[in-house]
Structure formats: structure tokens, C-alpha cells
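The next block is run.csv, given as CSV, C-alpha atoms.
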chain,number,residue,atom,x,y,z
A,1,MET,CA,-6.3,-1.6,23.9
A,2,ASN,CA,-3.1,-2.9,25.5
A,3,THR,CA,0.1,-3.3,23.6
A,4,VAL,CA,0.3,-7.1,24.0
A,5,THR,CA,-3.1,-7.5,22.2
A,6,ILE,CA,-2.0,-5.1,19.4
A,7,ILE,CA,1.3,-7.1,18.9
A,8,LEU,CA,-0.6,-10.4,19.0
A,9,LEU,CA,-3.0,-9.1,16.3
A,10,TRP,CA,-0.1,-7.9,14.2
A,11,ILE,CA,1.6,-11.3,14.5
A,12,ILE,CA,-1.6,-13.2,13.6
A,13,ASN,CA,-1.9,-10.9,10.6
A,14,LEU,CA,1.7,-11.5,9.5
A,15,VAL,CA,1.4,-15.3,9.9
A,16,THR,CA,-1.9,-15.6,8.0
A,17,ASP,CA,-0.7,-13.2,5.3
A,18,THR,CA,2.6,-15.0,4.8
A,19,GLY,CA,1.2,-18.5,5.2
A,20,GLY,CA,-1.6,-17.7,2.6
A,21,GLN,CA,0.9,-16.5,0.0
A,22,LEU,CA,3.2,-19.5,0.5
A,23,ALA,CA,0.3,-21.9,0.4
A,24,PHE,CA,-0.8,-20.4,-3.0
A,25,LYS,CA,2.7,-20.6,-4.3
A,26,ALA,CA,2.8,-24.3,-3.2
A,27,ALA,CA,-0.5,-24.9,-5.0
A,28,ALA,CA,0.7,-23.1,-8.2
A,29,ILE,CA,3.9,-25.0,-8.7
A,30,GLU,CA,2.7,-28.5,-8.0
A,31,ASN,CA,2.4,-30.8,-11.0
A,32,LYS,CA,4.4,-28.7,-13.4
A,33,GLU,CA,3.5,-30.9,-16.4
A,34,ALA,CA,-0.2,-30.1,-16.1
A,35,LYS,CA,-1.5,-27.2,-18.2
A,36,GLY,CA,-4.7,-25.1,-18.2
A,37,TRP,CA,-7.8,-26.8,-16.8
A,38,GLU,CA,-5.8,-29.9,-15.9
A,39,HIS,CA,-3.6,-27.8,-13.6
A,40,TRP,CA,-6.7,-26.2,-11.9
A,41,ARG,CA,-8.3,-29.6,-11.5
A,42,HIS,CA,-5.1,-30.9,-9.9
A,43,MET,CA,-4.9,-27.9,-7.6
A,44,LEU,CA,-8.5,-28.3,-6.4
A,45,LYS,CA,-7.7,-31.9,-5.4
A,46,ARG,CA,-4.8,-30.8,-3.2
A,47,PRO,CA,-4.9,-29.1,0.2
A,48,TRP,CA,-2.7,-26.0,-0.6
A,49,ILE,CA,-5.2,-23.9,-2.3
A,50,TYR,CA,-7.8,-24.5,0.5
A,51,LEU,CA,-5.2,-23.7,3.1
A,52,GLY,CA,-4.4,-20.5,1.3
A,53,ALA,CA,-8.1,-19.6,1.1
A,54,VAL,CA,-8.6,-20.3,4.9
A,55,LEU,CA,-5.5,-18.2,5.8
A,56,TYR,CA,-6.7,-15.4,3.5
A,57,VAL,CA,-10.1,-15.2,5.3
A,58,GLY,CA,-8.2,-15.3,8.7
A,59,GLU,CA,-6.0,-12.5,7.5
A,60,PHE,CA,-9.0,-10.4,6.5
A,61,VAL,CA,-10.5,-10.8,10.0
A,62,ALA,CA,-7.1,-10.2,11.7
A,63,TRP,CA,-6.5,-7.1,9.5
A,64,LEU,CA,-9.9,-5.6,10.4
A,65,ALA,CA,-9.3,-6.3,14.1
A,66,PHE,CA,-5.7,-4.9,13.8
A,67,LEU,CA,-6.9,-1.7,12.1
A,68,SER,CA,-9.4,-1.1,14.8
A,69,THR,CA,-6.5,-0.9,17.3
A,70,VAL,CA,-4.1,1.3,15.3
A,71,THR,CA,-4.4,4.2,12.9
A,72,LEU,CA,-4.4,3.5,9.1
A,73,PRO,CA,-0.9,4.8,8.5
A,74,GLU,CA,0.4,2.8,11.5
A,75,GLY,CA,-1.4,-0.3,10.1
A,76,VAL,CA,0.0,0.2,6.6
A,77,LEU,CA,3.5,0.6,8.0
A,78,LEU,CA,3.3,-2.4,10.3
A,79,GLY,CA,1.6,-4.5,7.5
A,80,MET,CA,4.6,-3.9,5.3
A,81,ALA,CA,6.5,-6.4,7.3
A,82,GLY,CA,4.5,-9.0,5.3
A,83,ILE,CA,6.6,-8.1,2.2
A,84,VAL,CA,9.7,-9.1,4.1
A,85,THR,CA,8.3,-12.3,5.8
A,86,VAL,CA,6.9,-13.5,2.4
A,87,MET,CA,10.4,-13.0,0.9
A,88,ILE,CA,12.0,-14.9,3.8
A,89,GLY,CA,9.3,-17.6,3.5
A,90,GLY,CA,10.0,-18.0,-0.2
A,91,ARG,CA,13.7,-18.3,0.6
A,92,LEU,CA,13.2,-21.0,3.3
A,93,TRP,CA,10.5,-23.0,1.5
A,94,PHE,CA,11.1,-22.6,-2.2
A,95,LYS,CA,14.9,-21.8,-2.0
A,96,GLU,CA,14.3,-18.4,-3.8
A,97,HIS,CA,17.4,-16.2,-4.1
A,98,PHE,CA,18.0,-12.8,-2.6
A,99,THR,CA,19.5,-11.2,-5.7
A,100,ARG,CA,20.6,-7.6,-5.8
A,101,PRO,CA,17.8,-6.3,-8.1
A,102,ARG,CA,15.3,-8.1,-5.8
A,103,ILE,CA,16.7,-6.5,-2.6
A,104,ILE,CA,16.8,-3.1,-4.2
A,105,GLY,CA,13.3,-3.4,-5.8
A,106,ILE,CA,11.7,-4.6,-2.6
A,107,SER,CA,13.4,-1.9,-0.6
A,108,LEU,CA,12.1,0.8,-3.0
A,109,ILE,CA,8.6,-0.7,-2.7
A,110,LEU,CA,8.8,-0.7,1.1
A,111,ALA,CA,9.9,3.0,1.1
A,112,GLY,CA,7.1,3.8,-1.4
A,113,VAL,CA,4.3,2.1,0.5
A,114,ALA,CA,5.6,3.9,3.7
A,115,LEU,CA,5.4,7.3,2.0
A,116,VAL,CA,1.9,6.6,0.5
A,117,GLY,CA,0.7,5.5,3.9
A,118,LEU,CA,2.3,8.3,5.9
A,119,GLY,CA,1.9,11.1,3.4
A,120,GLY,CA,-1.9,11.6,3.6
B,1,MET,CA,6.6,-16.6,-22.6
B,2,SER,CA,9.7,-15.7,-20.6
B,3,SER,CA,9.5,-15.2,-16.8
B,4,ARG,CA,10.1,-11.5,-17.4
B,5,THR,CA,7.1,-11.3,-19.7
B,6,TYR,CA,5.0,-13.2,-17.1
B,7,PHE,CA,6.2,-10.7,-14.5
B,8,ILE,CA,5.3,-7.6,-16.4
B,9,GLY,CA,2.2,-8.8,-18.2
B,10,GLY,CA,0.8,-10.7,-15.2
B,11,LEU,CA,1.4,-7.8,-12.9
B,12,LEU,CA,-0.4,-5.3,-15.3
B,13,ALA,CA,-3.3,-7.7,-15.6
B,14,LEU,CA,-3.4,-8.1,-11.8
B,15,LEU,CA,-3.2,-4.3,-11.4
B,16,VAL,CA,-6.2,-3.8,-13.7
B,17,PHE,CA,-8.4,-6.5,-12.0
B,18,ASP,CA,-7.4,-5.4,-8.5
B,19,THR,CA,-8.0,-1.7,-9.2
B,20,PHE,CA,-11.3,-2.5,-10.8
B,21,ALA,CA,-12.3,-4.6,-7.8
B,22,GLN,CA,-11.3,-1.8,-5.3
B,23,VAL,CA,-13.1,0.9,-7.3
B,24,CYS,CA,-16.2,-1.3,-7.4
B,25,PHE,CA,-16.0,-1.9,-3.6
B,26,LYS,CA,-15.8,1.9,-3.1
B,27,LEU,CA,-18.8,2.4,-5.3
B,28,THR,CA,-20.6,-0.4,-3.3
B,29,ALA,CA,-19.7,1.4,-0.1
B,30,LEU,CA,-21.1,4.7,-1.4
B,31,HIS,CA,-24.3,2.9,-2.5
B,32,ALA,CA,-24.7,1.2,0.9
B,33,ALA,CA,-24.0,4.3,3.0
B,34,PRO,CA,-24.5,5.0,5.9
B,35,LEU,CA,-22.3,2.3,7.4
B,36,THR,CA,-24.5,0.6,10.1
B,37,PHE,CA,-23.1,-2.9,10.3
B,38,ASP,CA,-26.5,-4.5,10.3
B,39,LEU,CA,-28.6,-6.5,7.9
B,40,PRO,CA,-30.2,-3.5,6.1
B,41,TRP,CA,-26.7,-2.3,5.4
B,42,LEU,CA,-25.7,-5.7,4.0
B,43,ALA,CA,-28.9,-5.7,1.9
B,44,ARG,CA,-28.1,-2.3,0.5
B,45,ALA,CA,-24.6,-3.4,-0.3
B,46,PHE,CA,-25.7,-6.5,-2.1
B,47,SER,CA,-28.4,-4.7,-4.0
B,48,ALA,CA,-25.7,-2.6,-5.7
B,49,PRO,CA,-24.5,-4.1,-9.0
B,50,TRP,CA,-21.0,-2.9,-8.2
B,51,VAL,CA,-20.5,-5.6,-5.5
B,52,TYR,CA,-20.9,-8.3,-8.1
B,53,CYS,CA,-18.4,-6.5,-10.3
B,54,ALA,CA,-16.0,-6.4,-7.3
B,55,ILE,CA,-16.4,-10.2,-6.8
B,56,LEU,CA,-15.8,-10.8,-10.5
B,57,GLY,CA,-12.7,-8.5,-10.3
B,58,TYR,CA,-11.3,-10.5,-7.4
B,59,ALA,CA,-11.9,-13.8,-9.1
B,60,CYS,CA,-10.0,-12.7,-12.2
B,61,ALA,CA,-7.2,-11.3,-9.9
B,62,PHE,CA,-7.0,-14.6,-8.1
B,63,VAL,CA,-6.7,-16.7,-11.3
B,64,THR,CA,-4.0,-14.2,-12.6
B,65,TRP,CA,-2.1,-14.4,-9.3
B,66,ILE,CA,-2.0,-18.2,-9.4
B,67,VAL,CA,-0.7,-18.1,-13.0
B,68,ILE,CA,2.0,-15.5,-11.9
B,69,LEU,CA,3.1,-17.7,-9.0
B,70,ARG,CA,3.5,-20.7,-11.3
B,71,HIS,CA,6.3,-18.8,-13.1
B,72,ILE,CA,7.6,-16.2,-10.7
B,73,PRO,CA,9.2,-16.5,-7.2
B,74,VAL,CA,6.6,-15.6,-4.5
B,75,GLY,CA,8.9,-13.1,-2.7
B,76,PRO,CA,9.4,-10.5,-5.5
B,77,ALA,CA,5.9,-11.2,-6.9
B,78,PHE,CA,4.2,-10.4,-3.6
B,79,ALA,CA,6.2,-7.2,-3.2
B,80,ALA,CA,5.4,-6.2,-6.7
B,81,THR,CA,1.6,-6.6,-6.1
B,82,HIS,CA,1.9,-3.4,-4.0
B,83,LEU,CA,1.8,-1.7,-7.4
B,84,GLU,CA,-1.9,-1.9,-6.7
B,85,VAL,CA,-1.4,0.8,-4.1
B,86,VAL,CA,-0.4,3.1,-7.0
B,87,GLY,CA,-3.3,2.1,-9.2
B,88,VAL,CA,-5.9,2.7,-6.4
B,89,VAL,CA,-4.3,5.9,-5.3
B,90,VAL,CA,-4.0,7.4,-8.8
B,91,ILE,CA,-7.5,6.4,-9.9
B,92,SER,CA,-9.1,7.7,-6.7
B,93,VAL,CA,-8.0,11.3,-7.6
B,94,PRO,CA,-10.2,11.7,-10.7
B,95,LEU,CA,-12.9,9.2,-9.7
B,96,PHE,CA,-13.6,10.2,-6.1
B,97,GLY,CA,-12.0,13.6,-5.9
B,98,GLU,CA,-9.4,12.5,-3.3
B,99,VAL,CA,-6.4,14.8,-2.9
B,100,LEU,CA,-2.9,13.4,-2.8
B,101,SER,CA,0.1,15.0,-1.2
B,102,TRP,CA,3.5,15.3,-3.0
B,103,VAL,CA,4.9,12.8,-0.4
B,104,GLN,CA,2.3,10.2,-1.7
B,105,TYR,CA,3.2,10.9,-5.3
B,106,LEU,CA,6.8,10.4,-4.4
B,107,GLY,CA,5.8,7.1,-2.7
B,108,ALA,CA,4.0,6.0,-5.8
B,109,VAL,CA,7.0,6.8,-8.0
B,110,LEU,CA,9.2,4.7,-5.6
B,111,ILE,CA,6.8,1.7,-5.8
B,112,VAL,CA,6.9,1.9,-9.6
B,113,ALA,CA,10.7,2.1,-9.6
B,114,GLY,CA,10.8,-0.9,-7.3
B,115,VAL,CA,8.6,-3.0,-9.5
B,116,LEU,CA,10.6,-2.0,-12.6
B,117,CYS,CA,13.7,-3.1,-10.7
B,118,LEU,CA,12.2,-6.4,-9.8
B,119,ALA,CA,11.1,-6.9,-13.4
B,120,TYR,CA,14.5,-6.1,-14.7
B,121,GLY,CA,16.0,-8.6,-12.1
B,122,GLU,CA,13.9,-11.5,-13.4
B,123,PRO,CA,15.9,-13.7,-15.7
B,124,ASN,CA,14.7,-13.7,-19.2
B,125,TYR,CA,14.4,-17.5,-19.6
B,126,PRO,CA,13.0,-18.8,-22.9
B,127,PRO,CA,9.6,-20.4,-23.1
B,128,GLY,CA,9.4,-23.9,-21.6
B,129,SER,CA,11.7,-23.1,-18.7
B,130,THR,CA,10.7,-24.9,-15.5
B,131,VAL,CA,10.1,-23.0,-12.2
B,132,GLU,CA,13.1,-24.5,-10.6
B,133,GLU,CA,15.3,-22.6,-13.0
B,134,ASN,CA,13.7,-19.4,-12.0
B,135,HIS,CA,14.6,-18.9,-8.3

Structure translated into C-alpha cells:
Amino acid sequence: MNTVTIILLWIINLVTDTGGQLAFKAAAIENKEAKGWEHWRHMLKRPWIYLGAVLYVGEFVAWLAFLSTVTLPEGVLLGMAGIVTVMIGGRLWFKEHFTRPRIIGISLILAGVALVGLGG
Amino acid sequence: MSSRTYFIGGLLALLVFDTFAQVCFKLTALHAAPLTFDLPWLARAFSAPWVYCAILGYACAFVTWIVILRHIPVGPAFAATHLEVVGVVVISVPLFGEVLSWVQYLGAVLIVAGVLCLAYGEPNYPPGSTVEENH
């Protein structure tokens, strides 16, 4: 398969993965006063949780297609970019901070996932 | 509960549900083998009780994830969910006889260290704190 198709599948995977996580976050933090079932009823009336679910299904398909074009270690390595894009998305949308423990922690996790993926 | 408690407790619950679901998927795949991508293969998969356990595990993981996201920033929380990699890798050794290299063990240790670092970095806000305080 040509490189353009592989890059396109990777980008679709990243967009659906990141978009899905951000949509679930948006669903989770709406209506902060609601508790328990009331919170879930509110979420089910709003679009975010459905957008997240649709993007999740899209990501599943994109991931399968992507993995059919690259080896599993390559897929795991390239898929790790999602950790970074979700963090950037959280910063842009929800104004989350890049604190030192978070940057160190996420860097360690990135290195660890890379070693687990490559070390087989 | 403080946000740090949500981070650690929620992640551990997520780890249990996710690992349970992945193990059930693996058992389903073994039950449905050989992989033929046709209706008989699907029928074999859905005749295994494990596939329903996997769906239950995913449902519980989803509810846990939403609860975590309500209290924890999505960036660190999503990174920390990669603790699942450790859970699945570690449990696959005794359960499925898979062999891990020392590099993979080192990777698992780094993931755990990263998650502990993220947990330590979460502010220990008292109960009742709003999510805006916890960015």
C-alpha cells in the first residue's frame, strides 16, 4: 500500500481517537450539579456522548485498516501519538495545564508503551 | 473523594474491567478459531459465553471512564489508561503462556512509573471541588 494511504489512515485514526476522548470529556463535565442517574440521563439527552460513540466506532475501523498496512509494533508506535494529541486537545478545549508531573508522567508512559510494542 | 483518589481508584477499576474484557476477548477468539471472517466464525464467537463477559467488561469500563473524566483532566487520564497495556501483558504470561522480553518488562515498569507520576501530580482537592479547579 502506498505511503499516502498509510498516512491518511493514521491521521483518520488520530482524529477519531482524539475526537472521541474529547467528546466523552465534554459529556462527562456538562451539568456538574447533576449526580448519579440524573447525570447519566442528562448526558443521554446531549449530543456529546453519541458523537464520542460514533468516533469510537470510526476509530475501531480505522485502526483495523491501519494495522493491515503496518506491522503491530509500527502501529503501536504511531498510535502513541494519540496520547499527545489528546493532551493538546485537552489544553485547547478544556484549558488543562501542562504541569511538570504531567509532562514527565506522559513521557514515561510514551517510552514504556514504545518498549512494550518494540520489545516482543 | 479527592481528585487523586478518583485518579488512583478509578484507574485501578478501569484496569480490572479492561483487562477482564481483553482476556475474555482472547478466550472468545480461541473458542471461535480458526479465523475465517464469515458467518460461521461469527456464530462460533457469539456461542462462546466469554464474548458476553467481554461486552459486560467493556460496559463497566465505559461507565468508570465517564466517572473518571468528570473529575480528572482528559490528557493525563487518557495517558494513564495505557496502564491497561501492563495489565494485559502481565496477565497473558500465566494465562496464555506468552513470553515477554526484558525490554517489555522494562516498558511495563516505565508505564507504571509514568502513571504514579501523573497520580502524584494530581492536586489533592477536598471532596466537593469542581472540575474547573482541577485543570

Query - Contacts of Ala27 of chain A at 12 Å (only C-alpha atoms; same-chain gap of 4+ positions) as an NGL selection string - result: (:A and (20-23 or 31-32 or 39-53)) or (:B and (65-70 or 74))

Report summary line: From atom CA of Pro73 of chain B to atom CA of Gly10 of chain B the spacing works out at 13.0 Å

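Here the question is which of B:Phe78, B:Val99, B:Ala29, B:Tyr120 gets nearest to Asp17 of chain A using only C-alpha atoms, and that residue is B:Phe78.
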
Please, which residues in chain A fall within 6 Å of chain B when counting all atoms listed in the file, and what is the closest atom pair and distance in Å to one decimal for each, ordered by chain then residue number, as a tab-separated table?
residue	atom	partner	partner_atom	distance
A:Lys25	CA	B:Leu69	CA	5.5
A:Ala28	CA	B:Arg70	CA	4.8
A:Ile29	CA	B:Arg70	CA	5.0
A:Ile83	CA	B:Ala79	CA	5.5
A:Val86	CA	B:Gly75	CA	5.5
A:Met87	CA	B:Gly75	CA	3.9
A:Gly90	CA	B:Gly75	CA	5.6
A:Glu96	CA	B:His135	CA	4.5
A:His97	CA	B:His135	CA	5.7
A:Pro101	CA	B:Gly121	CA	5.0
A:Arg102	CA	B:Leu118	CA	5.3
A:Gly105	CA	B:Gly114	CA	3.8
A:Leu108	CA	B:Gly114	CA	4.8
A:Ile109	CA	B:Ile111	CA	4.3
A:Gly112	CA	B:Gly107	CA	3.8
A:Leu115	CA	B:Gly107	CA	4.7
A:Val116	CA	B:Gln104	CA	4.2
A:Gly119	CA	B:Val103	CA	5.1

Report task. Using only C-alpha atoms, pick whichever of B:Leu15, B:Ala21, B:Val93, B:Ile8 has the shortest atom-to-atom distance to Leu56 of chain B. Result ->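 Among the listed residues, the smallest separation from Leu56 of chain B belongs to B:Ala21.
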
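Nearest to Ala32 of chain B of all the residues B:Ala61, B:Val90, B:Leu14, B:Val51 is B:Val51, based on all atoms listed in the file.
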
Report task. Skip Met80 of chain A itself and residues of its chain fewer than 4 positions away, then list as a ChimeraX atom specification all residues within 10 Å of it, counting all atoms listed in the file. Result -> /A:14,75-76,84-85,109-111,113-114 /B:79,82

Report task. Go through B:Arg4, B:Glu98, B:Val23, B:Pro123 one by one, measure the shortest atom-to-atom distance of each to Tyr58 of chain B using all atoms listed in the file, and give the residue with the smallest value. Result -> B:Val23

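Atom CA of Ala62 of chain A lies 15.6 Å from atom CA of Leu77 of chain A.
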
Query - Which of B:Thr28, B:Glu84, B:Cys60, B:Tyr6 sits closest to Leu42 of chain B [using all atoms listed in the file] - result: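 Ranked by minimum distance to Leu42 of chain B, first place goes to B:Thr28.
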